[in-house]
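Dumped query34.txt below, it's compact mmCIF, C-alpha atoms:
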```txt
# COMPACT_ATOMS: atom_id res chain seq x y z
CA MET X 17 52.76 -22.28 27.35
CA GLU X 18 49.76 -20.83 29.05
CA GLU X 19 46.61 -19.82 27.19
CA ILE X 20 45.05 -16.52 28.03
CA MET X 21 41.26 -16.57 27.87
CA ALA X 22 38.93 -13.64 28.03
CA TYR X 23 36.15 -14.09 30.50
CA VAL X 24 32.69 -12.85 29.61
CA ARG X 25 30.19 -12.69 32.38
CA PHE X 26 27.07 -14.73 31.48
CA ASN X 27 23.76 -12.95 31.76
CA PRO X 28 20.75 -15.34 31.69
CA MET X 29 18.49 -12.49 30.54
CA TRP X 30 20.25 -12.16 27.17
CA GLU X 31 18.19 -14.98 25.70
CA PHE X 32 14.96 -13.30 26.83
CA GLU X 33 16.04 -10.02 25.22
CA ASN X 34 16.68 -11.81 21.92
CA LEU X 35 13.36 -13.63 22.18
CA SER X 36 11.56 -10.35 22.86
CA LYS X 37 13.17 -8.71 19.80
CA GLU X 38 12.26 -11.66 17.58
CA PHE X 39 8.67 -11.61 18.82
CA GLU X 40 8.35 -7.87 18.13
CA LYS X 41 9.72 -8.37 14.62
CA MET X 42 7.26 -11.19 13.97
CA VAL X 43 4.31 -9.13 15.18
CA LYS X 44 5.28 -6.15 13.02
CA THR X 45 5.85 -8.09 9.81
CA VAL X 46 3.70 -11.21 9.86
CA VAL X 47 0.61 -10.11 11.75
CA SER X 48 -0.13 -6.89 9.91
CA PRO X 49 -3.74 -5.93 10.77
CA GLU X 50 -4.50 -4.86 7.20
CA THR X 51 -3.97 -8.28 5.67
CA ARG X 52 -4.33 -10.70 8.54
CA PRO X 53 -6.73 -13.57 7.71
CA ARG X 54 -9.66 -13.46 10.11
CA VAL X 55 -11.80 -16.51 9.35
CA GLU X 56 -10.96 -19.57 7.31
CA PHE X 57 -12.96 -22.76 7.12
CA GLY X 58 -14.38 -25.24 4.64
CA GLY X 59 -12.98 -27.95 2.40
CA PHE X 60 -12.02 -25.57 -0.39
CA LYS X 61 -9.71 -22.67 0.48
CA PRO X 62 -9.18 -20.13 -2.30
CA ARG X 63 -5.65 -18.76 -2.59
CA VAL X 64 -5.39 -14.98 -2.22
CA ASP X 65 -2.74 -12.48 -3.31
CA ILE X 66 -2.91 -8.99 -1.79
CA GLN X 67 -1.05 -5.98 -3.15
CA GLU X 68 -1.36 -2.26 -2.66
CA ASP X 69 -0.25 1.06 -4.02
CA GLU X 70 -0.87 4.62 -2.85
CA LYS X 71 -4.53 4.63 -3.95
CA ASN X 72 -5.83 1.04 -3.69
CA ILE X 73 -5.54 -2.38 -2.08
CA TYR X 74 -5.85 -5.19 -4.64
CA PHE X 75 -7.07 -8.72 -3.95
CA GLU X 76 -6.68 -11.55 -6.46
CA ILE X 77 -8.61 -14.64 -5.37
CA GLU X 78 -8.38 -18.00 -7.15
CA VAL X 79 -11.83 -19.57 -7.38
CA PRO X 80 -11.53 -22.14 -10.20
CA GLY X 81 -14.69 -24.09 -10.85
CA VAL X 82 -16.81 -21.61 -8.89
CA LYS X 83 -19.49 -19.71 -10.80
CA LYS X 84 -19.75 -15.95 -10.43
CA ASP X 85 -23.21 -16.17 -8.83
CA GLU X 86 -21.89 -18.63 -6.19
CA VAL X 87 -19.52 -16.02 -4.68
CA LYS X 88 -20.53 -13.26 -2.26
CA VAL X 89 -18.26 -10.36 -1.30
CA SER X 90 -19.18 -8.07 1.61
CA VAL X 91 -17.67 -5.53 3.99
CA GLY X 92 -19.15 -5.07 7.45
CA GLU X 93 -19.21 -2.02 9.69
CA ASP X 94 -16.05 -3.30 11.35
CA ASN X 95 -14.19 -3.05 7.99
CA ILE X 96 -13.85 -6.81 7.61
CA LEU X 97 -13.86 -7.88 3.97
CA THR X 98 -15.47 -11.32 3.58
CA ILE X 99 -15.44 -13.54 0.50
CA LYS X 100 -17.67 -16.59 0.77
CA GLY X 101 -19.17 -19.12 -1.56
CA GLU X 102 -19.31 -22.74 -2.54
CA LYS X 103 -17.41 -24.92 -4.95
CA LYS X 104 -19.92 -27.62 -5.81
CA PHE X 105 -19.03 -31.23 -6.47
CA GLU X 106 -20.20 -32.26 -9.92
CA LYS X 107 -20.43 -36.00 -10.46
CA LYS X 108 -20.12 -36.41 -14.21
CA ASP X 109 -20.54 -40.11 -14.88
CA GLU X 110 -22.51 -42.58 -12.77
CA ILE X 111 -20.82 -45.61 -14.40
CA LYS X 112 -17.18 -44.83 -13.55
CA VAL X 113 -15.68 -45.67 -10.18
CA CYS X 114 -13.51 -42.95 -8.67
CA CYS X 115 -9.94 -44.18 -8.19
CA ARG X 116 -8.49 -40.89 -7.04
CA SER X 117 -9.78 -37.36 -6.46
CA GLU X 118 -7.41 -34.55 -5.48
CA ARG X 119 -9.76 -31.65 -6.05
CA SER X 120 -11.44 -30.00 -3.10
CA PHE X 121 -15.06 -28.94 -2.86
CA GLY X 122 -17.37 -27.33 -0.37
CA ASP X 123 -18.21 -24.05 1.28
CA PHE X 124 -15.47 -21.51 1.75
CA GLU X 125 -15.06 -18.25 3.58
CA ARG X 126 -12.05 -15.93 3.77
CA SER X 127 -12.08 -12.70 5.78
CA PHE X 128 -9.55 -9.89 5.99
CA GLN X 129 -9.33 -6.83 8.21
CA LEU X 130 -9.20 -3.70 6.05
CA PRO X 131 -7.60 -0.46 7.24
CA GLU X 132 -9.97 2.19 8.58
CA LEU X 133 -9.37 4.58 5.70
CA VAL X 134 -11.04 2.77 2.77
CA GLU X 135 -14.06 3.71 0.67
CA GLN X 136 -16.40 0.75 1.14
CA GLU X 137 -18.98 2.09 -1.32
CA LYS X 138 -16.42 2.25 -4.15
CA ILE X 139 -15.01 -1.28 -3.89
CA GLU X 140 -14.97 -2.89 -7.34
CA ALA X 141 -15.18 -6.63 -8.03
CA LYS X 142 -14.56 -8.42 -11.33
CA TYR X 143 -14.79 -12.16 -12.06
CA GLU X 144 -12.80 -13.55 -14.99
CA ASN X 145 -11.53 -17.05 -15.87
CA GLY X 146 -11.82 -18.47 -12.35
CA MET X 147 -10.26 -15.38 -10.74
CA LEU X 148 -12.00 -12.79 -8.58
CA TYR X 149 -10.35 -9.36 -8.63
CA LEU X 150 -11.15 -6.76 -5.97
CA SER X 151 -9.98 -3.17 -5.91
CA VAL X 152 -10.43 -1.39 -2.57
CA PRO X 153 -9.88 2.39 -2.80
CA LYS X 154 -8.07 4.07 0.07
CA LEU X 155 -9.21 7.37 1.54
CA GLU X 156 -6.80 10.24 1.86
CA PRO X 157 -5.72 10.60 5.47
CA VAL X 158 -7.14 13.70 7.10
CA LYS X 159 -4.30 16.09 7.71
CA PRO X 160 -4.49 17.90 11.02
CA LYS X 161 -5.28 21.57 10.67
CA GLU X 162 -2.88 23.88 12.40
CA THR X 163 -4.46 26.67 14.40
CA VAL X 164 -2.28 29.58 15.43
CA ILE X 165 -3.20 30.94 18.84
CA ASN X 166 -2.51 34.56 19.61
CA ILE X 167 -0.66 35.17 22.82
CA LYS X 168 -1.95 38.13 24.84
```

Encoded form (structure tokens):
Amino acid sequence: MEEIMAYVRFNPMWEFENLSKEFEKMVKTVVSPETRPRVEFGGFKPRVDIQEDEKNIYFEIEVPGVKKDEVKVSVGEDNILTIKGEKKFEKKDEIKVCCRSERSFGDFERSFQLPELVEQEKIEAKYENGMLYLSVPKLEPVKPKETVINIK
């Protein structure tokens, strides 16, 4: 008994097409300009959650062990939100020998690109129980005005 096989012509470019589609998907979903981390360095890296609704973008930053006056929040002309500070090492007892330390200390800086339509002057920051909360108000997009032109 003979087997009948369907022949499919191989196209070496198929793999490149799939790769191109996957790359586009990654760029659209993972590298969103609104929330892309810009600068990260230091021994201590605060964890950040970012959420948004129609009116605001919300940042929740974990900064346990960091005092309120040791954190600086700023937004530059290029709409980059920067949170920087220092988590200081506090040696509590000179007599004890450290057997293990898993906590991290040091300077930290996290930066995020904000969308163009935000109200920098109305950004609110609140520090509570080792958490820094930021609320960044969005501006209403300017709707294009329609001008009717008379035809002569």

When you draw a straight line from CA of Glu70 in chain X to CA of Glu132 in chain X, how long is it in Å?
14.8 Å

Take every atom of range 123-136 of chain X listed in the file, fit an axis-aligned box around them, add 4 Å per side, and give the centre and edge lengths in Å to one decimal as AutoDock Vina command-line options.
```
--center_x -12.9 --center_y -9.7 --center_z 4.6 --size_x 18.6 --size_y 36.6 --size_z 15.9
```

Smallest atom-to-atom distance to Asn95 in chain X: which of X:Val64, X:Val79, X:Ile111, X:Val152, using only C-alpha atoms?
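Looking at the shortest contact to Asn95 in chain X, the residue is X:Val152.
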
As an exercise, work out the distance from CA of Leu150 in chain X to CA of Glu76 in chain X in Å and give it to one decimal place.
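Answer for the CA of Leu150 in chain X to CA of Glu76 in chain X separation: 6.6 Å.
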
Mind giving me the straight-line distance from CA of Asp69 in chain X to CA of Gly146 in chain X in Å, one decimal?
24.2 Å
